[in-house]
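Notes for the one structure printed next.
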4 protein chains.
Amino acid sequence: MTVLPRKIINDPVYGYISIDHPLLLQIVAHPFYQRLRRIHQMAMAQLVYPGAVHTRLHHSLGAYHLMCLALTELRAKGTPISEAEALGAKIAILLHDLGHGPYSHALEGLLAQGIAHESMSLWMMQHLNAEFDGALDTAIAIFTNQYPKPFLHQLVSGQLDVDRMDYLTRDSYFTGVSEGTIGYDRITKMLVVHHNQLMVEEKAIYSIEKFLVARRLMYWQVYLHKTVLAAEQMLKKILTRAREVAAEALPNLQFFLAAQAPAPTPELLLKFAQLDDMDVMMAIKTWQNHPDVVLATLCKALLNRRLYKIKMQSQPFELATIAAQQQRVMQQYGIDAASASYLVFTGTAHNTTYTTQDERINILFKDGSVKDISAVDNALVQHTLSATVDKHYICVMP
Amino acid sequence: MTVLPRKIINDPVYGYISIDHPLLLQIVAHPFYQRLRRIHQMAMAQLVYPGAVHTRLHHSLGAYHLMCLALTELRAKGTPISEAEALGAKIAILLHDLGHGPYSHALEGLLAQGIAHESMSLWMMQHLNAEFDGALDTAIAIFTNQYPKPFLHQLVSGQLDVDRMDYLTRDSYFTGVSEGTIGYDRITKMLVVHHNQLMVEEKAIYSIEKFLVARRLMYWQVYLHKTVLAAEQMLKKILTRAREVAAEALPNLQFFLAAQAPAPTPELLLKFAQLDDMDVMMAIKTWQNHPDVVLATLCKALLNRRLYKIKMQSQPFELATIAAQQQRVMQQYGIDAASASYLVFTGTAHNTTYTTQDERINILFKDGSVKDISAVDNALVQHTLSATVDKHYICVMP
Amino acid sequence: MTVLPRKIINDPVYGYISIDHPLLLQIVAHPFYQRLRRIHQMAMAQLVYPGAVHTRLHHSLGAYHLMCLALTELRAKGTPISEAEALGAKIAILLHDLGHGPYSHALEGLLAQGIAHESMSLWMMQHLNAEFDGALDTAIAIFTNQYPKPFLHQLVSGQLDVDRMDYLTRDSYFTGVSEGTIGYDRITKMLVVHHNQLMVEEKAIYSIEKFLVARRLMYWQVYLHKTVLAAEQMLKKILTRAREVAAEALPNLQFFLAAQAPAPTPELLLKFAQLDDMDVMMAIKTWQNHPDVVLATLCKALLNRRLYKIKMQSQPFELATIAAQQQRVMQQYGIDAASASYLVFTGTAHNTTYTTQDERINILFKDGSVKDISAVDNALVQHTLSATVDKHYICVMP
Amino acid sequence: MTVLPRKIINDPVYGYISIDHPLLLQIVAHPFYQRLRRIHQMAMAQLVYPGAVHTRLHHSLGAYHLMCLALTELRAKGTPISEAEALGAKIAILLHDLGHGPYSHALEGLLAQGIAHESMSLWMMQHLNAEFDGALDTAIAIFTNQYPKPFLHQLVSGQLDVDRMDYLTRDSYFTGVSEGTIGYDRITKMLVVHHNQLMVEEKAIYSIEKFLVARRLMYWQVYLHKTVLAAEQMLKKILTRAREVAAEALPNLQFFLAAQAPAPTPELLLKFAQLDDMDVMMAIKTWQNHPDVVLATLCKALLNRRLYKIKMQSQPFELATIAAQQQRVMQQYGIDAASASYLVFTGTAHNTTYTTQDERINILFKDGSVKDISAVDNALVQHTLSATVDKHYICVMP
């Protein structure tokens, strides 16, 4: 009887995470993957929820764990999944966030502009695939939804994927917002494959509703919490301003600041693989003494948690209010109108909990029929959850 | 500095529950209250969720604990609440379930027919009040909503009372249905009194939604779980049948079986105060050898968890199906049609998560305006949660 | 691909417990097993810890779940365990407490005197084995330690068996004594088989210490908590007194009261299989009106939680103190000296956390050497934990 | 009725932390305090326990919360504590870790050499005291144990202080090492003041034992986990090497690298208040391309988690083994013997769980007598826990 090498990682959320394949161990040990230790999962949310300092690496490991559970469950229900397919799905989820840059979503599109993090993830996976002699072929096919068993891709990325299940569970654990808890174990046990599509059994309907409502709550109460939003806007403004006024940052970050939309060259890839939250936070620490008053003000403010005052409401803000505030900061800080837009500005936050068009949560009924959750009698989802909700905000530097 | 006598009770749900007033200690020590140890909170749910064996006493203590938290919170926000009022509210919640009979809701209206458990609770409170020389006056006024500060009654009984907050939290803990978890601590912190009415602050909206969805889930997944329903129907049928055929039960239970709608005499009260789950379960153990085949069959079935087969659906069942099954059991058990209706029957389960008419959850906005949750923009509650949902079921003895 | 029938049970402690073998499902559905629903795991502990109302059935299921985890782990480490052996071990643990009578340990040796619960478990297993045509042969061999792979028996019963791991974990969950928590998941992952003996890996030493200290704490803080002890002594005294004075109890209990040391006949077995906590509690409810003042007093006291005053200390109590109290109750209740011994008496509670003689926790070091935990350098266990600690108590009826 | 301003912070460990005094709010908002957001509580432990990324700020808030609980408890037991004293104790604990530098203990004594973190904390508190016009006088007196009620200092710093109670609880939560859980709520409820000294009630003995054993477990399993130790040694070696070879770091860090034992000038204080984990981690990112092969090698290794191989044992390592390894790295990396000592070296880790000399945990018995826990009959602590345990280790760069 052969005993496989195995690494067991303590995870406060699931207890233990086992990694039991040599290729998985090599991938986890790769610098590309280890870099995710230095990227916070929740960007600036820690300024409101001090526990929310967990990393992308931790989230990826968690999503991988749920993938293992889901695959075991589907196999137990008779869905044929080969060893190679299982390994591919595990790699795909382990690497799905590889392409996130510093502070993930908060800065997405600002550094390495024009390259979505999913594209970057794919690119880095291809790079690893070359290094590992094609061992990631199946993983890449699954990740890009070109693999003939679409349910494997749906486990990685869909309305009810292990990515979402992990981040809701994990973010809830680390923020302490216990209301974000979902029944990941129950949902996992209710997964089923029908005509090669991922579905859930009928009796999971209430768990799915709970999942969607928990997600909705996490968006408005945590991810789009007005203070978190203010902090992340501040972070964005800092980097945008730095691009204009800060000729010399640390070399690596400088590369991304200099080139707004850099060409996707191998050099870019390797430089990106060196970039993480540290570069940005250290630059901010340095810039707090920058001669540009706007940049220095914002950096000091973020470091010391003296954030924009922010207001959120359903209606857009009146132009007069905005103008008055801009007037004030121009005078107070001795800056021009263009600069003032860094200290006073408006925007819109929006969230759709459930979209019927693109992605669906299909329910498999006992009689073999399939319905989208939004079409189920008495389900919550029909009316409310699928509408896009917009909230307007104004940020003002005091 | 005087140090009050204090009793600290270990509670797995909240950690510790403190009882720190001599009158509260006396009430808890009273046989009326101790009797609640022998009444299960969740009747037959333990046949599906083996952990759900907690008692009414435990739930009352938990609700009392939340009342203490809520009162502290409201006072901290400037709502004047005197010591006597606080004590009254605590007693009212401690005793709110005093009038539950054996297996609570499952048998409500069957023993001591015509007396709702709330009326019985009130009656027993009045009895205690006499014993304690009027010390429960305020508690009774609050319980019956005759006290001039209605928010105190609303804490005891309303859409968002500490009763519901405790039972959802506690039932979730003991069943292991983690999806029933609500943010009781967050909701408690968001309570506020406005014009003497209990409300929640604007920022609690998502927590309230979560609370309502958790409640909805607990109803369908736990309280009205089809197997739980089958078991509780079996319990009801047993007692109804016993009333017909079992002349001699144990004396105390016999009293309630003999008189279908007993007169509300002091004798009844004292007999009721002696009645608990034990009487019923022991009778069932005895009746499994009863000459009446229906009674014996049902008792054996319940004790050994060989329950009715149950089916639930949105549409009523066809009469032909029912008739065929009744035919079968008549033959199989050698019984007449009237008796067969104990072994084959249909019914309806229903749940309304939120009713706008009777009770409301009012949201207090920062601008001082008040809206019912169902009137808030983008809230979940408007369409779906406030509709009554009916499910039809058929129970069949195999 | 065949899909096995599977039953998933919600467990608040471990999340889900899966039963996936037809024989296991049949055993769990058997009346012998279902009876365990009506036997509290922790007897009278609920009078101090109101949440401690879980049942022997629940504990057995939990221990079974840990057995599944342990077997999976050992197999992953290369220990050969056949399907039949795994099934045997699972059955053995599922049924290990089958022979517990009403209120388990609290009344052990009082009803069905002279038959330890383990012997009764074995007897009932043999009865089931006959019913299931020998399908329990392996289970019985493992249970009685006659199976050639002793580690299987050690998993069922030993210093570090899944029985103890479950009851500590579960009792901690239901009492809310969080300090009783052990690292069952970590310990399970550290189990290893060496020369057919169950051991733990070196790196589990601190977890083992923690386990032993948690157990020690649970004994003194919960199982031998002085008020729990007082309540359980009261229960014992009630039944002993009833045996003397109560000619007529309910039929089944009467059988066991009448015959102090009944012959181990098939009739006894079947009667025992009908006996549970209900019989005893219902008898106590009836006896509170018994003409014997001692019996009536004790029954009322237990039902209303007016327990003996109890004092615990390291030294034995002085005879004069005892005599004075007995004098008092003789006068107060108008009873003779023999009867007074039901209301005033002394006793000794003792606990040895770790015994080096009988059972050992062996540590397997990386270099292949094996040491008992009490022989490991710097381990806690050497001096203190292996000494028997006695505490003297006196119980006095007020 | 006045309503105080109040800030409620979500904490996954305790639920909510309330800050309800204007001075506390100002202190928390001060840049000195906000800097603690950028110092990890557990240095490099996250390389083994990926969840262990929480910050010193979070720990300080948690310890503050426990202080609030403890003060409430002591007052409820009749210990007179004035508002000013309570505020002082709260400030003292909030600021007790203010003087920690980058990576706290892991680098203590390396930057700002010769200044223990407690002295630095005191210094910074004095600086704040000047800024807040003496409002911290009481806090400082408590922190330095010069306040006439020594129990207040003991709550901040002693064998059983809220600092330890928080870090054990919190580190256990974030690592997922559930065995490190202590009964902080029970211990807090058992605190008592006797002759102005902090003690625990007799019935807390087992909780105290559990606390000490949990602490012992956390030391060996987490804080001194061999891989954590290897990583922290690597961090130390990097900074020591950088001091020798890296002339130019980022300005602020450079100041501390240049001056081995800098004079305690106001300039130092302000520079220190700017220093955090970011400075060090960013320097390491830069140094991975440093011309010095030792520095570059170590930096790359730490960033990519390719740590020293480490071995731990009770006996010292043989010189021959060490010499052979040093020989190997000299050759492999082309470096001299002095440089080789950065890649191969030995050391000793040690832990004493309980020291009877300095600090004591006093138990107050019901009869009014006081004993140190190590003098209590049958207590665990006597023999084993109070001995210092040394473990030798060798680190080798592969």
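In the structure tokens, the first chain shown is A, the next is B, and so on; residue numbers restart at 1 for each chain, and ligands run from 1 in the order shown.
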Handout entry: Who sits within 10 Å of Met312 of chain C, only C-alpha atoms, same chain under 6 positions skipped, as a PyMOL selection string
Key = chain C and resi 225-226+346-349+391-395
Based on the selection just made, write N, CA, C and O atoms of those residues as an mmCIF file, in the first residue's frame.
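Contents of the output file part38.cif:
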```
data_model
loop_
_atom_site.group_PDB
_atom_site.id
_atom_site.type_symbol
_atom_site.label_atom_id
_atom_site.label_comp_id
_atom_site.auth_asym_id
_atom_site.auth_seq_id
_atom_site.Cartn_x
_atom_site.Cartn_y
_atom_site.Cartn_z
ATOM 1 N N HIS C 225 -19.419 17.545 39.567
ATOM 2 C CA HIS C 225 -19.863 18.840 40.119
ATOM 3 C C HIS C 225 -20.721 18.543 41.343
ATOM 4 O O HIS C 225 -21.580 17.665 41.311
ATOM 5 N N LYS C 226 -20.517 19.275 42.394
ATOM 6 C CA LYS C 226 -21.164 18.863 43.642
ATOM 7 C C LYS C 226 -22.690 18.866 43.553
ATOM 8 O O LYS C 226 -23.341 17.986 44.118
ATOM 9 N N THR C 346 -22.876 10.495 53.892
ATOM 10 C CA THR C 346 -21.587 10.933 53.321
ATOM 11 C C THR C 346 -21.140 9.948 52.251
ATOM 12 O O THR C 346 -21.696 8.865 52.108
ATOM 13 N N GLY C 347 -20.118 10.333 51.517
ATOM 14 C CA GLY C 347 -19.586 9.467 50.469
ATOM 15 C C GLY C 347 -18.283 10.027 49.939
ATOM 16 O O GLY C 347 -17.790 11.057 50.406
ATOM 17 N N THR C 348 -17.737 9.340 48.948
ATOM 18 C CA THR C 348 -16.462 9.750 48.369
ATOM 19 C C THR C 348 -16.562 9.748 46.843
ATOM 20 O O THR C 348 -17.089 8.809 46.262
ATOM 21 N N ALA C 349 -16.070 10.808 46.241
ATOM 22 C CA ALA C 349 -15.987 10.843 44.779
ATOM 23 C C ALA C 349 -14.522 10.749 44.414
ATOM 24 O O ALA C 349 -13.675 11.325 45.083
ATOM 25 N N LYS C 391 -12.370 12.898 46.888
ATOM 26 C CA LYS C 391 -13.008 14.010 47.571
ATOM 27 C C LYS C 391 -14.186 13.472 48.385
ATOM 28 O O LYS C 391 -14.990 12.697 47.880
ATOM 29 N N HIS C 392 -14.251 13.913 49.610
ATOM 30 C CA HIS C 392 -15.330 13.482 50.493
ATOM 31 C C HIS C 392 -16.489 14.465 50.412
ATOM 32 O O HIS C 392 -16.270 15.662 50.272
ATOM 33 N N TYR C 393 -17.685 13.922 50.495
ATOM 34 C CA TYR C 393 -18.832 14.828 50.470
ATOM 35 C C TYR C 393 -19.857 14.420 51.520
ATOM 36 O O TYR C 393 -19.888 13.270 51.969
ATOM 37 N N ILE C 394 -20.650 15.400 51.911
ATOM 38 C CA ILE C 394 -21.790 15.110 52.783
ATOM 39 C C ILE C 394 -23.038 15.704 52.135
ATOM 40 O O ILE C 394 -22.997 16.832 51.618
ATOM 41 N N CYS C 395 -24.114 14.929 52.107
ATOM 42 C CA CYS C 395 -25.385 15.404 51.574
ATOM 43 C C CYS C 395 -26.371 15.528 52.727
ATOM 44 O O CYS C 395 -26.492 14.598 53.537
#
```
Exercise for the section: Write out as a ChimeraX atom specification every residue belonging to chain A that has an atom at most 7 Å from any atom of chain B, counting only C-alpha atoms. Expected result: /A:178-179,182-183,206,210,213,217,378,380,384
Write out the residues from the selection above, keeping all heavy atoms, as a PDB file, in the first residue's frame.
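Resulting contents of part_9.pdb:
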```pdb
ATOM      1  N   SER A 178     -21.237  37.489  11.585  1.00  0.00           N
ATOM      2  CA  SER A 178     -21.693  36.096  11.593  1.00  0.00           C
ATOM      3  C   SER A 178     -22.893  35.907  10.674  1.00  0.00           C
ATOM      4  O   SER A 178     -23.197  34.801  10.258  1.00  0.00           O
ATOM      5  CB  SER A 178     -22.045  35.660  13.003  1.00  0.00           C
ATOM      6  OG  SER A 178     -23.076  36.493  13.509  1.00  0.00           O
ATOM      7  N   GLU A 179     -23.565  37.006  10.364  1.00  0.00           N
ATOM      8  CA  GLU A 179     -24.731  36.883   9.498  1.00  0.00           C
ATOM      9  C   GLU A 179     -24.350  36.531   8.049  1.00  0.00           C
ATOM     10  O   GLU A 179     -25.220  36.194   7.255  1.00  0.00           O
ATOM     11  CB  GLU A 179     -25.508  38.190   9.521  1.00  0.00           C
ATOM     12  CG  GLU A 179     -26.032  38.504  10.907  1.00  0.00           C
ATOM     13  CD  GLU A 179     -26.377  39.958  11.041  1.00  0.00           C
ATOM     14  OE1 GLU A 179     -25.448  40.784  10.924  1.00  0.00           O
ATOM     15  OE2 GLU A 179     -27.558  40.265  11.243  1.00  0.00           O
ATOM     16  N   ILE A 182     -22.826  31.063   5.474  1.00  0.00           N
ATOM     17  CA  ILE A 182     -23.699  30.289   4.592  1.00  0.00           C
ATOM     18  C   ILE A 182     -23.563  28.821   4.971  1.00  0.00           C
ATOM     19  O   ILE A 182     -22.638  28.431   5.673  1.00  0.00           O
ATOM     20  CB  ILE A 182     -23.324  30.481   3.114  1.00  0.00           C
ATOM     21  CG1 ILE A 182     -21.866  30.044   2.890  1.00  0.00           C
ATOM     22  CG2 ILE A 182     -23.503  31.927   2.690  1.00  0.00           C
ATOM     23  CD1 ILE A 182     -21.536  29.780   1.456  1.00  0.00           C
ATOM     24  N   GLY A 183     -24.455  28.001   4.511  1.00  0.00           N
ATOM     25  CA  GLY A 183     -24.387  26.574   4.831  1.00  0.00           C
ATOM     26  C   GLY A 183     -23.546  25.843   3.799  1.00  0.00           C
ATOM     27  O   GLY A 183     -24.052  24.990   3.082  1.00  0.00           O
ATOM     28  N   TYR A 206     -33.930  26.355   0.296  1.00  0.00           N
ATOM     29  CA  TYR A 206     -33.832  27.364   1.352  1.00  0.00           C
ATOM     30  C   TYR A 206     -32.382  27.724   1.655  1.00  0.00           C
ATOM     31  O   TYR A 206     -32.070  28.865   1.983  1.00  0.00           O
ATOM     32  CB  TYR A 206     -34.581  26.906   2.605  1.00  0.00           C
ATOM     33  CG  TYR A 206     -36.045  26.704   2.316  1.00  0.00           C
ATOM     34  CD1 TYR A 206     -36.588  25.444   2.167  1.00  0.00           C
ATOM     35  CD2 TYR A 206     -36.875  27.804   2.105  1.00  0.00           C
ATOM     36  CE1 TYR A 206     -37.926  25.264   1.843  1.00  0.00           C
ATOM     37  CE2 TYR A 206     -38.212  27.637   1.781  1.00  0.00           C
ATOM     38  CZ  TYR A 206     -38.730  26.362   1.648  1.00  0.00           C
ATOM     39  OH  TYR A 206     -40.043  26.205   1.319  1.00  0.00           O
ATOM     40  N   LYS A 210     -30.751  31.372   1.406  1.00  0.00           N
ATOM     41  CA  LYS A 210     -29.930  31.872   2.503  1.00  0.00           C
ATOM     42  C   LYS A 210     -28.570  32.318   1.981  1.00  0.00           C
ATOM     43  O   LYS A 210     -28.039  33.361   2.389  1.00  0.00           O
ATOM     44  CB  LYS A 210     -29.756  30.743   3.518  1.00  0.00           C
ATOM     45  CG  LYS A 210     -29.049  31.077   4.770  1.00  0.00           C
ATOM     46  CD  LYS A 210     -29.887  31.863   5.731  1.00  0.00           C
ATOM     47  CE  LYS A 210     -29.018  32.273   6.900  1.00  0.00           C
ATOM     48  NZ  LYS A 210     -27.992  31.290   7.253  1.00  0.00           N
ATOM     49  N   VAL A 213     -29.044  35.646   0.178  1.00  0.00           N
ATOM     50  CA  VAL A 213     -29.305  36.744   1.115  1.00  0.00           C
ATOM     51  C   VAL A 213     -28.048  37.069   1.924  1.00  0.00           C
ATOM     52  O   VAL A 213     -27.746  38.236   2.184  1.00  0.00           O
ATOM     53  CB  VAL A 213     -30.487  36.397   2.038  1.00  0.00           C
ATOM     54  CG1 VAL A 213     -30.634  37.422   3.144  1.00  0.00           C
ATOM     55  CG2 VAL A 213     -31.766  36.330   1.222  1.00  0.00           C
ATOM     56  N   LEU A 217     -26.211  40.623   1.980  1.00  0.00           N
ATOM     57  CA  LEU A 217     -25.854  41.288   3.238  1.00  0.00           C
ATOM     58  C   LEU A 217     -24.363  41.613   3.281  1.00  0.00           C
ATOM     59  O   LEU A 217     -23.963  42.702   3.686  1.00  0.00           O
ATOM     60  CB  LEU A 217     -26.251  40.385   4.401  1.00  0.00           C
ATOM     61  CG  LEU A 217     -25.964  40.902   5.815  1.00  0.00           C
ATOM     62  CD1 LEU A 217     -27.070  40.464   6.769  1.00  0.00           C
ATOM     63  CD2 LEU A 217     -24.630  40.432   6.358  1.00  0.00           C
ATOM     64  N   ASN A 378     -42.795  30.388  -4.958  1.00  0.00           N
ATOM     65  CA  ASN A 378     -42.575  30.905  -3.606  1.00  0.00           C
ATOM     66  C   ASN A 378     -41.123  31.215  -3.295  1.00  0.00           C
ATOM     67  O   ASN A 378     -40.791  31.531  -2.161  1.00  0.00           O
ATOM     68  CB  ASN A 378     -43.062  29.929  -2.533  1.00  0.00           C
ATOM     69  CG  ASN A 378     -44.498  29.559  -2.740  1.00  0.00           C
ATOM     70  OD1 ASN A 378     -45.301  30.431  -3.041  1.00  0.00           O
ATOM     71  ND2 ASN A 378     -44.808  28.291  -2.604  1.00  0.00           N
ATOM     72  N   LEU A 380     -37.712  33.225  -2.985  1.00  0.00           N
ATOM     73  CA  LEU A 380     -37.421  34.627  -2.688  1.00  0.00           C
ATOM     74  C   LEU A 380     -36.941  35.393  -3.902  1.00  0.00           C
ATOM     75  O   LEU A 380     -37.110  36.600  -4.003  1.00  0.00           O
ATOM     76  CB  LEU A 380     -36.246  34.700  -1.712  1.00  0.00           C
ATOM     77  CG  LEU A 380     -36.502  34.761  -0.240  1.00  0.00           C
ATOM     78  CD1 LEU A 380     -35.183  34.980   0.448  1.00  0.00           C
ATOM     79  CD2 LEU A 380     -37.447  35.907   0.052  1.00  0.00           C
ATOM     80  N   THR A 384     -37.008  40.426  -6.103  1.00  0.00           N
ATOM     81  CA  THR A 384     -36.146  41.423  -5.500  1.00  0.00           C
ATOM     82  C   THR A 384     -34.674  41.205  -5.764  1.00  0.00           C
ATOM     83  O   THR A 384     -33.952  42.110  -6.163  1.00  0.00           O
ATOM     84  CB  THR A 384     -36.352  41.399  -3.968  1.00  0.00           C
ATOM     85  OG1 THR A 384     -37.688  41.046  -3.713  1.00  0.00           O
ATOM     86  CG2 THR A 384     -36.028  42.730  -3.391  1.00  0.00           C
TER      87      THR A 384
END
```
Practice task
Excluding Leu253 of chain A and residues on its chain fewer than 6 positions from it, collect all residues at most 12 Å away from it, counting only C-alpha atoms, and give them as an MDAnalysis selection string.
Solution key: (chainID A and resid 101:102 110:112 239 242:243 246:247 259:260 268 271:284) or (chainID D and resid 282 286)
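Considering only C-alpha atoms, the residue among B:Tyr103, B:Tyr173, B:Trp123, B:Tyr16 positioned nearest to Pro50 of chain B is B:Tyr173.
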Problem - Exercise: Val48 of chain A partners within 9 Å, only C-alpha atoms, chain neighbours under 6 positions left out, as a list in words - result: Thr175, Val222, His225, Thr227 and Val228 of chain A; Ile9 and Asn10 of chain D
Would you write out those residues with N, CA and C atoms, as a compact mmCIF listing (two decimals), in the first residue's frame?
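Written file, again.txt:
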```txt
# COMPACT_ATOMS: atom_id res chain seq x y z
N THR A 175 -14.20 38.81 9.55
CA THR A 175 -14.79 40.08 9.95
C THR A 175 -15.58 39.94 11.24
N VAL A 222 -20.57 44.88 4.31
CA VAL A 222 -19.11 44.73 4.43
C VAL A 222 -18.38 45.26 3.20
N HIS A 225 -19.59 48.60 2.50
CA HIS A 225 -19.76 49.42 3.71
C HIS A 225 -19.21 50.80 3.40
N THR A 227 -17.69 53.13 4.92
CA THR A 227 -16.34 53.50 5.35
C THR A 227 -15.28 52.71 4.57
N VAL A 228 -15.59 51.46 4.30
CA VAL A 228 -14.68 50.66 3.47
C VAL A 228 -14.56 51.30 2.09
N ILE D 9 -17.08 48.07 17.57
CA ILE D 9 -16.22 47.43 16.58
C ILE D 9 -16.54 45.94 16.53
N ASN D 10 -16.75 45.44 15.33
CA ASN D 10 -16.97 44.01 15.13
C ASN D 10 -15.70 43.24 15.44
```
Need the shell around Gly114 of chain D: protein/DNA/RNA residues with any atom at most 10 Å away, counting only C-alpha atoms. Skip same-chain ones fewer than 5 positions apart. Format as an mmCIF file with N, CA, C and O atoms, in the first residue's frame?
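What ended up in selection-v3.cif:
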```cif
data_model
loop_
_atom_site.group_PDB
_atom_site.id
_atom_site.type_symbol
_atom_site.label_atom_id
_atom_site.label_comp_id
_atom_site.auth_asym_id
_atom_site.auth_seq_id
_atom_site.Cartn_x
_atom_site.Cartn_y
_atom_site.Cartn_z
ATOM 1 N N GLU D 108 12.551 41.894 18.261
ATOM 2 C CA GLU D 108 12.797 42.698 19.458
ATOM 3 C C GLU D 108 14.272 42.648 19.844
ATOM 4 O O GLU D 108 14.890 41.596 19.852
ATOM 5 N N GLY D 109 14.823 43.799 20.140
ATOM 6 C CA GLY D 109 16.222 43.866 20.536
ATOM 7 C C GLY D 109 17.160 43.978 19.352
ATOM 8 O O GLY D 109 18.367 44.119 19.504
ATOM 9 N N SER D 119 9.493 49.356 27.713
ATOM 10 C CA SER D 119 10.040 50.697 27.940
ATOM 11 C C SER D 119 9.583 51.629 26.829
ATOM 12 O O SER D 119 9.232 52.791 27.057
ATOM 13 N N GLN D 260 23.208 50.863 15.968
ATOM 14 C CA GLN D 260 22.869 49.599 16.639
ATOM 15 C C GLN D 260 22.097 49.858 17.922
ATOM 16 O O GLN D 260 21.071 49.249 18.159
ATOM 17 N N ALA D 261 22.618 50.731 18.743
ATOM 18 C CA ALA D 261 21.915 51.040 19.986
ATOM 19 C C ALA D 261 21.699 52.547 20.031
ATOM 20 O O ALA D 261 22.443 53.280 20.658
ATOM 21 N N PRO D 262 20.670 52.993 19.354
ATOM 22 C CA PRO D 262 20.490 54.432 19.198
ATOM 23 C C PRO D 262 20.159 55.106 20.534
ATOM 24 O O PRO D 262 19.556 54.495 21.399
ATOM 25 N N ALA D 263 20.571 56.344 20.638
ATOM 26 C CA ALA D 263 20.267 57.109 21.852
ATOM 27 C C ALA D 263 18.766 57.381 21.901
ATOM 28 O O ALA D 263 18.141 57.633 20.869
ATOM 29 N N PRO D 264 18.177 57.309 23.087
ATOM 30 C CA PRO D 264 16.730 57.500 23.213
ATOM 31 C C PRO D 264 16.330 58.974 23.121
ATOM 32 O O PRO D 264 15.890 59.572 24.090
#
```
Residue set, segment 5-102 of chain A restricted to strand (DSSP E), as a PDB file with C-alpha atoms, in the first residue's frame:
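Okay, out-v1.pdb is ready:
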```
ATOM      1  CA  LYS A   7       0.630  18.329   3.696  1.00  0.00           C
ATOM      2  CA  ILE A   8      -1.973  19.283   6.255  1.00  0.00           C
ATOM      3  CA  ILE A   9      -2.633  22.959   6.829  1.00  0.00           C
ATOM      4  CA  ASN A  10      -4.489  24.295   9.854  1.00  0.00           C
ATOM      5  CA  ASP A  11      -7.384  26.414   8.750  1.00  0.00           C
ATOM      6  CA  GLY A  15     -10.246  22.728  10.522  1.00  0.00           C
ATOM      7  CA  TYR A  16      -7.717  21.105   8.235  1.00  0.00           C
ATOM      8  CA  ILE A  17      -6.895  21.394   4.574  1.00  0.00           C
ATOM      9  CA  SER A  18      -5.075  18.433   3.039  1.00  0.00           C
ATOM     10  CA  ILE A  19      -2.898  18.682  -0.031  1.00  0.00           C
TER      11      ILE A  19
END
```
Handout entry: Non-local contacts of Leu229 of chain B (9 Å; only C-alpha atoms; under 5 positions in same chain excluded) as a ChimeraX atom specification
Key = /B:44-45,223-224,234,310,349
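In this model, the gap between atom CA of His100 of chain B and atom CA of Gln41 of chain B comes to 9.7 Å.
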Problem - Separation of atom CA of Lys237 of chain C from atom CA of His290 of chain C, in Å and rounded to one decimal - result: 14.9 Å
Problem - All residues 9 Å or closer to segment 53-65 of chain B, only C-alpha atoms, same chain fewer than 6 positions away omitted, as a VMD selection string - result: (chain B and resid 11 13 to 14 16 to 19 33 to 46 89 to 98 100 104 156 161 to 167 170 to 171 174 to 175) or (chain C and resid 50 to 55)
Problem - DSSP alpha helix (DSSP H) residues within segment 181-378 of chain C, as an MDAnalysis selection string - result: chainID C and resid 184:190 205:218 226:245 251:258 266:272 277:287 293:303 319:333 337:340
Exercise for the section: Could you tell me which of A:Ile27, A:His105, A:Arg305, A:Lys149 comes closest to Phe132 of chain A if we count only C-alpha atoms? Expected result: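 Looking only at the distances to Phe132 of chain A, the closest residue turns out to be A:Ile27.
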Problem - Selected residue of minimal separation from Ala296 of chain D among D:Tyr308, D:Tyr147, D:Tyr333, D:Phe345, counting only C-alpha atoms - result: D:Tyr333
